[in-house]
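S.K.: Got a structure for you, protein-v6.cif, holding mmCIF, C-alpha atoms and all ligand atoms.
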data_entry
#
loop_
_atom_site.group_PDB
_atom_site.id
_atom_site.type_symbol
_atom_site.label_atom_id
_atom_site.label_comp_id
_atom_site.auth_asym_id
_atom_site.auth_seq_id
_atom_site.Cartn_x
_atom_site.Cartn_y
_atom_site.Cartn_z
ATOM 1 C CA MET A 11 86.991 53.025 104.046
ATOM 2 C CA ASP A 12 87.781 55.117 107.124
ATOM 3 C CA LYS A 13 85.707 58.241 107.506
ATOM 4 C CA ILE A 14 87.478 61.616 107.507
ATOM 5 C CA ARG A 15 87.387 62.958 111.067
ATOM 6 C CA VAL A 16 86.312 66.617 111.017
ATOM 7 C CA LEU A 17 86.524 69.322 113.687
ATOM 8 C CA VAL A 18 84.605 72.593 113.183
ATOM 9 C CA THR A 19 85.772 75.846 114.809
ATOM 10 C CA GLY A 20 83.190 78.623 115.018
ATOM 11 C CA ALA A 21 80.587 75.835 115.119
ATOM 12 C CA TYR A 22 78.059 78.008 116.969
ATOM 13 C CA GLY A 23 78.232 80.755 114.299
ATOM 14 C CA ARG A 24 76.054 81.176 111.208
ATOM 15 C CA MET A 25 78.494 79.497 108.824
ATOM 16 C CA GLY A 26 79.743 77.004 111.414
ATOM 17 C CA ARG A 27 76.224 75.610 111.907
ATOM 18 C CA GLU A 28 75.854 75.093 108.158
ATOM 19 C CA VAL A 29 79.206 73.292 108.099
ATOM 20 C CA VAL A 30 78.131 71.029 110.960
ATOM 21 C CA LYS A 31 74.901 70.106 109.089
ATOM 22 C CA ALA A 32 76.793 69.510 105.835
ATOM 23 C CA VAL A 33 79.457 67.323 107.495
ATOM 24 C CA VAL A 34 76.881 65.233 109.359
ATOM 25 C CA ALA A 35 75.027 64.641 106.066
ATOM 26 C CA GLN A 36 78.092 63.069 104.345
ATOM 27 C CA GLU A 37 78.662 59.328 104.642
ATOM 28 C CA ASP A 38 82.436 59.621 104.298
ATOM 29 C CA LEU A 39 82.839 62.339 106.959
ATOM 30 C CA GLU A 40 82.537 62.132 110.743
ATOM 31 C CA LEU A 41 82.035 65.173 112.951
ATOM 32 C CA VAL A 42 84.354 64.606 115.933
ATOM 33 C CA GLY A 43 84.547 68.082 117.452
ATOM 34 C CA ALA A 44 82.740 71.415 117.639
ATOM 35 C CA VAL A 45 84.568 74.418 119.107
ATOM 36 C CA ASP A 46 83.303 77.932 119.731
ATOM 37 C CA LYS A 47 83.751 80.746 122.216
ATOM 38 C CA VAL A 48 80.004 80.631 122.838
ATOM 39 C CA GLY A 49 77.566 77.737 123.324
ATOM 40 C CA GLY A 50 80.000 75.719 125.474
ATOM 41 C CA GLY A 51 78.416 72.542 126.918
ATOM 42 C CA GLN A 52 75.411 72.575 124.565
ATOM 43 C CA ASP A 53 74.779 69.708 122.161
ATOM 44 C CA ILE A 54 75.871 70.883 118.693
ATOM 45 C CA GLY A 55 73.127 68.807 117.026
ATOM 46 C CA GLN A 56 70.442 70.613 118.987
ATOM 47 C CA ILE A 57 71.977 74.003 118.170
ATOM 48 C CA CYS A 58 71.854 73.135 114.470
ATOM 49 C CA GLY A 59 68.304 71.734 114.558
ATOM 50 C CA LEU A 60 69.501 68.154 113.992
ATOM 51 C CA GLY A 61 68.397 66.754 117.366
ATOM 52 C CA VAL A 62 70.834 65.358 119.936
ATOM 53 C CA LEU A 63 74.138 64.240 118.381
ATOM 54 C CA GLY A 64 75.868 63.518 121.682
ATOM 55 C CA LEU A 65 78.658 65.986 120.865
ATOM 56 C CA THR A 66 78.935 69.146 122.949
ATOM 57 C CA VAL A 67 80.435 72.480 121.950
ATOM 58 C CA GLU A 68 83.842 72.918 123.588
ATOM 59 C CA THR A 69 85.632 76.199 124.171
ATOM 60 C CA ASP A 70 89.281 75.042 124.322
ATOM 61 C CA LEU A 71 90.576 74.178 120.847
ATOM 62 C CA THR A 72 93.893 72.733 122.063
ATOM 63 C CA VAL A 73 92.123 70.271 124.344
ATOM 64 C CA VAL A 74 89.743 69.176 121.563
ATOM 65 C CA LEU A 75 92.601 68.762 119.075
ATOM 66 C CA GLY A 76 94.322 66.501 121.611
ATOM 67 C CA ASN A 77 91.233 64.481 122.567
ATOM 68 C CA THR A 78 89.533 63.896 119.213
ATOM 69 C CA ALA A 79 92.377 63.273 116.712
ATOM 70 C CA PRO A 80 90.708 65.049 113.779
ATOM 71 C CA ALA A 81 92.142 64.766 110.275
ATOM 72 C CA VAL A 82 90.756 68.121 109.122
ATOM 73 C CA MET A 83 89.731 71.302 110.948
ATOM 74 C CA VAL A 84 87.234 73.641 109.255
ATOM 75 C CA ASP A 85 87.425 77.243 110.530
ATOM 76 C CA PHE A 86 84.666 79.836 110.152
ATOM 77 C CA THR A 87 85.478 82.195 113.029
ATOM 78 C CA THR A 88 86.790 85.747 112.936
ATOM 79 C CA PRO A 89 89.857 87.458 111.442
ATOM 80 C CA LEU A 90 91.017 88.104 115.016
ATOM 81 C CA THR A 91 91.271 84.444 115.999
ATOM 82 C CA VAL A 92 91.726 82.425 112.833
ATOM 83 C CA MET A 93 95.552 82.585 112.832
ATOM 84 C CA ASP A 94 95.786 81.150 116.359
ATOM 85 C CA ASN A 95 93.391 78.358 115.372
ATOM 86 C CA ILE A 96 95.400 77.504 112.237
ATOM 87 C CA LYS A 97 98.661 77.415 114.213
ATOM 88 C CA ALA A 98 97.146 75.141 116.863
ATOM 89 C CA ALA A 99 95.799 72.743 114.216
ATOM 90 C CA LEU A 100 99.068 72.546 112.277
ATOM 91 C CA GLU A 101 101.033 72.001 115.486
ATOM 92 C CA ALA A 102 98.710 69.053 116.166
ATOM 93 C CA GLY A 103 99.336 67.699 112.633
ATOM 94 C CA VAL A 104 95.818 68.504 111.412
ATOM 95 C CA ALA A 105 95.012 69.749 107.874
ATOM 96 C CA VAL A 106 92.949 72.953 107.736
ATOM 97 C CA VAL A 107 90.132 74.383 105.614
ATOM 98 C CA VAL A 108 89.673 78.115 106.221
ATOM 99 C CA GLY A 109 86.533 80.027 105.257
ATOM 100 C CA THR A 110 87.161 82.940 107.624
ATOM 101 C CA THR A 111 87.871 86.099 105.641
ATOM 102 C CA GLY A 112 89.960 89.157 106.465
ATOM 103 C CA LEU A 113 93.361 87.431 106.260
ATOM 104 C CA THR A 114 96.184 89.724 105.140
ATOM 105 C CA GLU A 115 98.939 88.912 102.650
ATOM 106 C CA GLU A 116 101.338 88.602 105.619
ATOM 107 C CA ASN A 117 98.920 86.104 107.197
ATOM 108 C CA LEU A 118 98.876 84.049 103.988
ATOM 109 C CA ASP A 119 102.699 84.079 103.818
ATOM 110 C CA GLU A 120 102.865 82.918 107.427
ATOM 111 C CA ILE A 121 100.321 80.149 106.776
ATOM 112 C CA ASN A 122 102.351 79.037 103.758
ATOM 113 C CA ASP A 123 105.493 78.742 105.913
ATOM 114 C CA LEU A 124 103.699 76.987 108.767
ATOM 115 C CA ALA A 125 101.988 74.508 106.428
ATOM 116 C CA ALA A 126 105.238 73.747 104.606
ATOM 117 C CA ARG A 127 107.053 73.153 107.898
ATOM 118 C CA SER A 128 104.324 70.888 109.286
ATOM 119 C CA GLU A 129 103.923 69.097 105.917
ATOM 120 C CA ARG A 130 100.184 69.540 106.135
ATOM 121 C CA GLY A 131 97.727 71.224 103.780
ATOM 122 C CA VAL A 132 95.838 74.473 104.413
ATOM 123 C CA ILE A 133 93.067 75.489 102.004
ATOM 124 C CA VAL A 134 92.019 79.128 102.347
ATOM 125 C CA ALA A 135 89.051 80.173 100.219
ATOM 126 C CA PRO A 136 87.451 83.616 100.561
ATOM 127 C CA ASN A 137 84.381 82.217 98.820
ATOM 128 C CA PHE A 138 83.314 78.578 98.694
ATOM 129 C CA ALA A 139 80.330 79.153 96.373
ATOM 130 C CA LEU A 140 80.899 77.696 92.905
ATOM 131 C CA GLY A 141 79.058 80.610 91.265
ATOM 132 C CA ALA A 142 81.396 83.082 92.939
ATOM 133 C CA VAL A 143 84.438 81.149 91.714
ATOM 134 C CA LEU A 144 83.026 81.318 88.166
ATOM 135 C CA MET A 145 82.282 85.045 88.599
ATOM 136 C CA MET A 146 85.957 85.606 89.443
ATOM 137 C CA ARG A 147 87.126 83.515 86.487
ATOM 138 C CA PHE A 148 84.816 85.374 84.088
ATOM 139 C CA ALA A 149 86.010 88.700 85.531
ATOM 140 C CA LYS A 150 89.632 87.742 84.863
ATOM 141 C CA GLU A 151 88.720 86.862 81.269
ATOM 142 C CA ALA A 152 86.746 90.105 80.740
ATOM 143 C CA ALA A 153 89.609 92.209 82.175
ATOM 144 C CA ARG A 154 91.714 91.204 79.171
ATOM 145 C CA TYR A 155 89.392 93.276 76.980
ATOM 146 C CA PHE A 156 87.883 95.713 79.517
ATOM 147 C CA PRO A 157 90.599 97.115 81.843
ATOM 148 C CA ASP A 158 88.235 99.674 83.463
ATOM 149 C CA VAL A 159 86.203 97.990 86.172
ATOM 150 C CA GLU A 160 84.675 98.596 89.603
ATOM 151 C CA ILE A 161 83.417 96.076 92.164
ATOM 152 C CA ILE A 162 80.360 96.500 94.366
ATOM 153 C CA GLU A 163 80.155 93.868 97.105
ATOM 154 C CA LEU A 164 77.092 93.602 99.339
ATOM 155 C CA HIS A 165 76.903 91.661 102.621
ATOM 156 C CA HIS A 166 74.845 91.302 105.794
ATOM 157 C CA ASP A 167 75.401 94.004 108.392
ATOM 158 C CA ARG A 168 77.201 91.740 110.876
ATOM 159 C CA LYS A 169 80.175 91.093 108.614
ATOM 160 C CA ILE A 170 83.311 92.378 110.362
ATOM 161 C CA ASP A 171 85.752 92.924 107.493
ATOM 162 C CA ALA A 172 85.475 95.280 104.514
ATOM 163 C CA PRO A 173 86.024 94.915 101.670
ATOM 164 C CA SER A 174 85.127 91.235 101.474
ATOM 165 C CA GLY A 175 87.767 88.609 100.813
ATOM 166 C CA THR A 176 85.916 87.769 97.594
ATOM 167 C CA ALA A 177 86.219 91.368 96.357
ATOM 168 C CA LEU A 178 89.950 91.414 97.097
ATOM 169 C CA LYS A 179 90.488 88.076 95.369
ATOM 170 C CA THR A 180 88.425 89.276 92.375
ATOM 171 C CA ALA A 181 90.577 92.425 92.120
ATOM 172 C CA GLU A 182 93.704 90.248 92.200
ATOM 173 C CA MET A 183 92.368 88.067 89.382
ATOM 174 C CA ILE A 184 91.357 91.144 87.364
ATOM 175 C CA ALA A 185 94.885 92.544 87.793
ATOM 176 C CA ALA A 186 96.297 89.212 86.590
ATOM 177 C CA GLY A 187 93.961 89.232 83.568
ATOM 178 C CA ARG A 188 94.558 92.829 82.415
ATOM 179 C CA VAL A 189 96.834 93.363 79.427
ATOM 180 C CA ALA A 190 96.376 97.182 79.464
ATOM 181 C CA GLU A 191 96.237 99.731 82.274
ATOM 182 C CA PRO A 192 92.784 101.178 83.134
ATOM 183 C CA GLY A 193 92.180 104.188 80.891
ATOM 184 C CA SER A 194 89.552 106.236 82.744
ATOM 185 C CA LYS A 195 90.740 109.025 85.068
ATOM 186 C CA PRO A 196 87.695 110.226 87.040
ATOM 187 C CA ALA A 197 87.861 113.720 88.586
ATOM 188 C CA PRO A 198 89.454 113.522 92.052
ATOM 189 C CA LEU A 199 86.966 115.891 93.789
ATOM 190 C CA GLU A 200 85.340 113.654 96.420
ATOM 191 C CA LYS A 201 82.704 115.715 98.256
ATOM 192 C CA ILE A 202 82.065 112.971 100.808
ATOM 193 C CA ASN A 203 85.112 111.057 102.007
ATOM 194 C CA GLY A 204 85.029 107.496 100.671
ATOM 195 C CA ALA A 205 82.315 108.139 98.073
ATOM 196 C CA ARG A 206 84.515 106.628 95.362
ATOM 197 C CA GLY A 207 85.262 103.514 97.405
ATOM 198 C CA GLY A 208 88.661 102.020 98.139
ATOM 199 C CA GLU A 209 91.209 101.104 95.498
ATOM 200 C CA TYR A 210 93.090 97.816 95.242
ATOM 201 C CA LEU A 211 95.357 96.895 92.327
ATOM 202 C CA GLY A 212 93.727 99.485 90.055
ATOM 203 C CA THR A 213 90.126 98.469 90.833
ATOM 204 C CA LYS A 214 87.711 100.541 92.939
ATOM 205 C CA ILE A 215 85.809 98.474 95.518
ATOM 206 C CA HIS A 216 82.561 99.612 97.194
ATOM 207 C CA SER A 217 81.249 97.748 100.263
ATOM 208 C CA VAL A 218 77.535 97.765 101.131
ATOM 209 C CA ARG A 219 76.403 96.393 104.542
ATOM 210 C CA LEU A 220 72.670 95.966 105.162
ATOM 211 C CA PRO A 221 70.348 93.646 107.086
ATOM 212 C CA GLY A 222 68.614 91.180 104.793
ATOM 213 C CA LEU A 223 71.630 90.590 102.572
ATOM 214 C CA ILE A 224 73.750 87.397 102.618
ATOM 215 C CA ALA A 225 76.692 87.708 100.148
ATOM 216 C CA HIS A 226 76.486 89.363 96.737
ATOM 217 C CA GLN A 227 78.872 90.939 94.277
ATOM 218 C CA GLU A 228 78.716 92.877 91.018
ATOM 219 C CA VAL A 229 81.747 93.367 88.816
ATOM 220 C CA ILE A 230 81.012 96.195 86.368
ATOM 221 C CA PHE A 231 83.266 96.677 83.355
ATOM 222 C CA GLY A 232 83.003 99.891 81.329
ATOM 223 C CA ASN A 233 84.139 100.508 77.773
ATOM 224 C CA GLN A 234 83.233 102.863 74.950
ATOM 225 C CA GLY A 235 79.435 102.813 74.570
ATOM 226 C CA GLN A 236 78.973 99.621 76.614
ATOM 227 C CA THR A 237 79.176 98.042 80.040
ATOM 228 C CA LEU A 238 79.429 94.412 81.075
ATOM 229 C CA THR A 239 78.126 93.349 84.494
ATOM 230 C CA ILE A 240 78.903 90.010 86.131
ATOM 231 C CA ARG A 241 76.825 89.382 89.244
ATOM 232 C CA HIS A 242 76.732 86.595 91.794
ATOM 233 C CA ASP A 243 74.262 86.182 94.678
ATOM 234 C CA SER A 244 74.508 83.760 97.574
ATOM 235 C CA LEU A 245 70.868 83.643 98.666
ATOM 236 C CA ASP A 246 71.473 81.089 101.401
ATOM 237 C CA ARG A 247 74.550 79.975 103.365
ATOM 238 C CA SER A 248 74.031 76.435 102.049
ATOM 239 C CA SER A 249 75.485 77.769 98.746
ATOM 240 C CA PHE A 250 78.964 77.548 100.297
ATOM 241 C CA MET A 251 78.699 73.942 101.476
ATOM 242 C CA PRO A 252 79.533 71.903 98.324
ATOM 243 C CA GLY A 253 82.785 73.885 98.113
ATOM 244 C CA VAL A 254 83.561 73.361 101.819
ATOM 245 C CA ILE A 255 82.936 69.607 101.557
ATOM 246 C CA LEU A 256 85.110 69.388 98.435
ATOM 247 C CA ALA A 257 87.919 71.160 100.316
ATOM 248 C CA VAL A 258 87.555 68.830 103.336
ATOM 249 C CA ARG A 259 87.915 65.808 101.045
ATOM 250 C CA LYS A 260 91.016 67.264 99.327
ATOM 251 C CA ALA A 261 92.739 68.778 102.379
ATOM 252 C CA GLN A 262 94.767 65.697 103.292
ATOM 253 C CA GLU A 263 96.021 65.229 99.717
ATOM 254 C CA ILE A 264 97.825 68.567 99.593
ATOM 255 C CA LYS A 265 100.856 70.029 101.358
ATOM 256 C CA GLY A 266 101.347 73.756 101.899
ATOM 257 C CA LEU A 267 98.865 76.550 101.197
ATOM 258 C CA VAL A 268 96.175 76.463 98.516
ATOM 259 C CA TYR A 269 94.463 79.842 98.137
ATOM 260 C CA GLY A 270 91.053 79.920 96.473
ATOM 261 C CA LEU A 271 88.587 77.192 95.554
ATOM 262 C CA ASP A 272 89.529 77.823 91.922
ATOM 263 C CA ALA A 273 92.677 75.759 92.395
ATOM 264 C CA LEU A 274 90.647 72.717 93.511
ATOM 265 C CA ILE A 275 88.091 72.459 90.720
ATOM 266 C CA ASP A 276 89.039 70.815 87.433
HETATM 267 P P1 LIG B 301 79.583 84.421 113.030
HETATM 268 O O1 LIG B 301 78.159 83.991 112.988
HETATM 269 O O2 LIG B 301 79.998 85.593 113.862
HETATM 270 O O3 LIG B 301 80.410 83.106 113.499
HETATM 271 C C1 LIG B 301 81.726 83.132 113.953
HETATM 272 C C2 LIG B 301 81.751 82.271 115.227
HETATM 273 O O4 LIG B 301 83.098 82.010 115.599
HETATM 274 C C3 LIG B 301 81.076 82.995 116.406
HETATM 275 O O5 LIG B 301 80.238 82.106 117.087
HETATM 276 C C4 LIG B 301 82.289 83.430 117.212
HETATM 277 O O6 LIG B 301 81.977 83.629 118.585
HETATM 278 C C5 LIG B 301 83.182 82.239 117.017
HETATM 279 N N1 LIG B 301 84.555 82.463 117.453
HETATM 280 C C6 LIG B 301 85.206 83.634 117.634
HETATM 281 N N2 LIG B 301 86.452 83.397 118.076
HETATM 282 C C7 LIG B 301 86.586 82.049 118.173
HETATM 283 C C8 LIG B 301 87.635 81.194 118.588
HETATM 284 N N3 LIG B 301 88.804 81.672 119.027
HETATM 285 N N4 LIG B 301 87.444 79.847 118.571
HETATM 286 C C9 LIG B 301 86.279 79.356 118.152
HETATM 287 N N5 LIG B 301 85.219 80.110 117.772
HETATM 288 C C10 LIG B 301 85.388 81.450 117.776
HETATM 289 O O7 LIG B 301 80.150 84.681 111.569
HETATM 290 P P2 LIG B 301 79.745 83.946 110.193
HETATM 291 O O8 LIG B 301 78.735 84.723 109.484
HETATM 292 O O9 LIG B 301 79.505 82.491 110.490
HETATM 293 O O10 LIG B 301 81.103 84.097 109.397
HETATM 294 C C11 LIG B 301 82.317 83.513 109.863
HETATM 295 C C12 LIG B 301 83.439 83.839 108.882
HETATM 296 O O11 LIG B 301 83.181 83.175 107.640
HETATM 297 C C13 LIG B 301 83.567 85.344 108.548
HETATM 298 O O12 LIG B 301 84.943 85.661 108.452
HETATM 299 C C14 LIG B 301 82.913 85.437 107.182
HETATM 300 O O13 LIG B 301 83.409 86.529 106.428
HETATM 301 C C15 LIG B 301 83.322 84.120 106.593
HETATM 302 N N6 LIG B 301 82.530 83.634 105.452
HETATM 303 C C16 LIG B 301 83.213 82.958 104.500
HETATM 304 C C17 LIG B 301 82.550 82.399 103.432
HETATM 305 C C18 LIG B 301 83.348 81.615 102.411
HETATM 306 O O14 LIG B 301 82.759 81.077 101.458
HETATM 307 N N7 LIG B 301 84.666 81.527 102.576
HETATM 308 C C19 LIG B 301 81.165 82.537 103.320
HETATM 309 C C20 LIG B 301 80.480 83.231 104.315
HETATM 310 C C21 LIG B 301 81.167 83.750 105.400
HETATM 311 P P3 LIG B 301 81.697 85.169 119.073
HETATM 312 O O15 LIG B 301 80.410 85.574 118.419
HETATM 313 O O16 LIG B 301 81.627 85.072 120.544
HETATM 314 O O17 LIG B 301 82.879 85.992 118.595
#
Starting from the file, lay out its structure as structure tokens.
Ligand code: NAP
M.R.:
Amino acid sequence: MDKIRVLVTGAYGRMGREVVKAVVAQEDLELVGAVDKVGGGQDIGQICGLGVLGLTVETDLTVVLGNTAPAVMVDFTTPLTVMDNIKAALEAGVAVVVGTTGLTEENLDEINDLAARSERGVIVAPNFALGAVLMMRFAKEAARYFPDVEIIELHHDRKIDAPSGTALKTAEMIAAGRVAEPGSKPAPLEKINGARGGEYLGTKIHSVRLPGLIAHQEVIFGNQGQTLTIRHDSLDRSSFMPGVILAVRKAQEIKGLVYGLDALID
């Protein structure tokens, strides 16, 4: 069986390095390209602590797409560059797995159109950790009975976007699960601007950024005389890798946009 040829963009970054290690560890996958703005010319294996792999980090995605004929590109870059990377991959006929967060609804619509036109698949998942997917599912279920809910998401201090893509997706799933409008009407007097967080689809979201954190989220439901808290913690970036590898294996089977890992499991 032919191996799936994989290109990683953002390969020098924290998530990109984990993806490189995970891809190299799979027998059915072959790492054919590593692209990043930084680290150009360095051996990607050495950067990731794997020893020399004989594959250097390249800085020009278009050139690498042309030279390496990948089947799937995995992108963990920044919200500022991910759209250009997706367009370049689809133009080259390459399926895409996107972990980069911060994409807007307009971005997702555009990706849907581009993927449909190129007849290739794009999987965008704001969170590739299985536990986070379950947290979102459970939150949707709880929202049926507990419409009043707030989300606290906590991430490392170098995360660019706020709130997290996971928090936004959770709020969307809560909105889809609610059968009644939220009942509580807290007093509007906010003595410090932003103290009550931001609101999305009827759910308040609070973003915490601190060194030492990786990716964590609490979904707190309140009801008469009781609360229900659903919490997920990614303690290590390796928690995202089974989901990324699953998406890489499925990417060529789909056409158009798939949003969320939820759609890929069972
Ligand atoms: P990071 O360490 O900053 O890595 C991003 C890398 O991409 C950096 O090396 C960056 O270089 C590089 N880059 C920027 N523009 C590029 C371009 N045009 N082409 C190629 N590479 C480019 O960030 P991270 O912690 O790995 O996170 C990356 C993304 O993944 C973020 O959006 C984060 O929210 C997301 N994330 C998703 C999940 C999930 O499960 N979906 C989990 C964790 C994180 P510079 O530093 O020079 O800009």
S.K.: How big is the axis-aligned box, and where does its centre sit, when it encloses all atoms of ligand LIG 301 (chain B) listed in the file and has 5 Å added on every side, reported in Å to one decimal as lines of an AutoDock Vina configuration file?
M.R.:
center_x = 83.5
center_y = 82.9
center_z = 111.0
size_x = 20.6
size_y = 17.2
size_z = 29.1
S.K.: From the list A:Glu191, A:Asp12, A:Asp272, A:Asp119, which residue is nearest Phe148 in chain A when using only C-alpha atoms?
M.R.: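 Closest to Phe148 in chain A, using only C-alpha atoms: A:Asp272.
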S.K.: Quick one: apply the PyMOL selection byres (((chain A and resi 263) around 12) and not hetatm) to the file and drop the selected residues here as an mmCIF file with C-alpha atoms, in the frame of the given file.
M.R.:
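So part37.cif came out as:
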data_model
loop_
_atom_site.group_PDB
_atom_site.id
_atom_site.type_symbol
_atom_site.label_atom_id
_atom_site.label_comp_id
_atom_site.auth_asym_id
_atom_site.auth_seq_id
_atom_site.Cartn_x
_atom_site.Cartn_y
_atom_site.Cartn_z
ATOM 1 C CA ALA A 81 92.142 64.766 110.275
ATOM 2 C CA VAL A 82 90.756 68.121 109.122
ATOM 3 C CA ALA A 105 95.012 69.749 107.874
ATOM 4 C CA VAL A 106 92.949 72.953 107.736
ATOM 5 C CA GLU A 129 103.923 69.097 105.917
ATOM 6 C CA ARG A 130 100.184 69.540 106.135
ATOM 7 C CA GLY A 131 97.727 71.224 103.780
ATOM 8 C CA VAL A 132 95.838 74.473 104.413
ATOM 9 C CA ILE A 133 93.067 75.489 102.004
ATOM 10 C CA LEU A 256 85.110 69.388 98.435
ATOM 11 C CA ALA A 257 87.919 71.160 100.316
ATOM 12 C CA VAL A 258 87.555 68.830 103.336
ATOM 13 C CA ARG A 259 87.915 65.808 101.045
ATOM 14 C CA LYS A 260 91.016 67.264 99.327
ATOM 15 C CA ALA A 261 92.739 68.778 102.379
ATOM 16 C CA GLN A 262 94.767 65.697 103.292
ATOM 17 C CA ILE A 264 97.825 68.567 99.593
ATOM 18 C CA LYS A 265 100.856 70.029 101.358
ATOM 19 C CA GLY A 266 101.347 73.756 101.899
ATOM 20 C CA LEU A 267 98.865 76.550 101.197
ATOM 21 C CA VAL A 268 96.175 76.463 98.516
ATOM 22 C CA LEU A 274 90.647 72.717 93.511
#
S.K.: For Gln36 in chain A, work out the shell of residues within 12 Å, counting all atoms listed in the file and skipping chain neighbours fewer than 2 positions away, then give it as a ChimeraX atom specification.
M.R.: /A:13-16,29-34,38-41,251-252,254-256,258-259
S.K.: Throw together the list of residues within 7 Å of ligand LIG 301 (chain B), counting all atoms listed in the file, and drop it here as number ranges by chain.
M.R.: A: 19-26, 45-48, 69, 71, 86-89, 91-92, 95, 109-112, 135-139, 169, 171, 247, 250
S.K.: Since I can't run it myself right now, could you work out what the PyMOL selection byres (((chain A and resi 165) around 6) and not hetatm) selects here and report it as a PyMOL selection string?
M.R.: chain A and resi 164+166+219+223-225
S.K.: Quick one: residues within 12 Å of range 202-207 of chain A, all atoms listed in the file, excluding same-chain residues fewer than 4 positions away - as a ChimeraX atom specification?
M.R.: /A:160-163,172-173,196-198,212-218
S.K.: Could you turn the residues from that selection into a file that holds C-alpha atoms, as a short mmCIF file (atom, residue, chain, number, x, y, z; two decimals), in the frame of the given file?
M.R.:
data_model
loop_
_atom_site.label_atom_id
_atom_site.label_comp_id
_atom_site.auth_asym_id
_atom_site.auth_seq_id
_atom_site.Cartn_x
_atom_site.Cartn_y
_atom_site.Cartn_z
CA GLU A 160 84.68 98.60 89.60
CA ILE A 161 83.42 96.08 92.16
CA ILE A 162 80.36 96.50 94.37
CA GLU A 163 80.16 93.87 97.10
CA ALA A 172 85.48 95.28 104.51
CA PRO A 173 86.02 94.92 101.67
CA PRO A 196 87.70 110.23 87.04
CA ALA A 197 87.86 113.72 88.59
CA PRO A 198 89.45 113.52 92.05
CA GLY A 212 93.73 99.48 90.06
CA THR A 213 90.13 98.47 90.83
CA LYS A 214 87.71 100.54 92.94
CA ILE A 215 85.81 98.47 95.52
CA HIS A 216 82.56 99.61 97.19
CA SER A 217 81.25 97.75 100.26
CA VAL A 218 77.54 97.76 101.13
#
S.K.: Counting only C-alpha atoms, which residue out of A:Ala98, A:Gly270, A:Glu120, A:Lys195 sits closest to Met183 in chain A?
M.R.: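 Using only C-alpha atoms, the shortest distance to Met183 in chain A belongs to A:Gly270.
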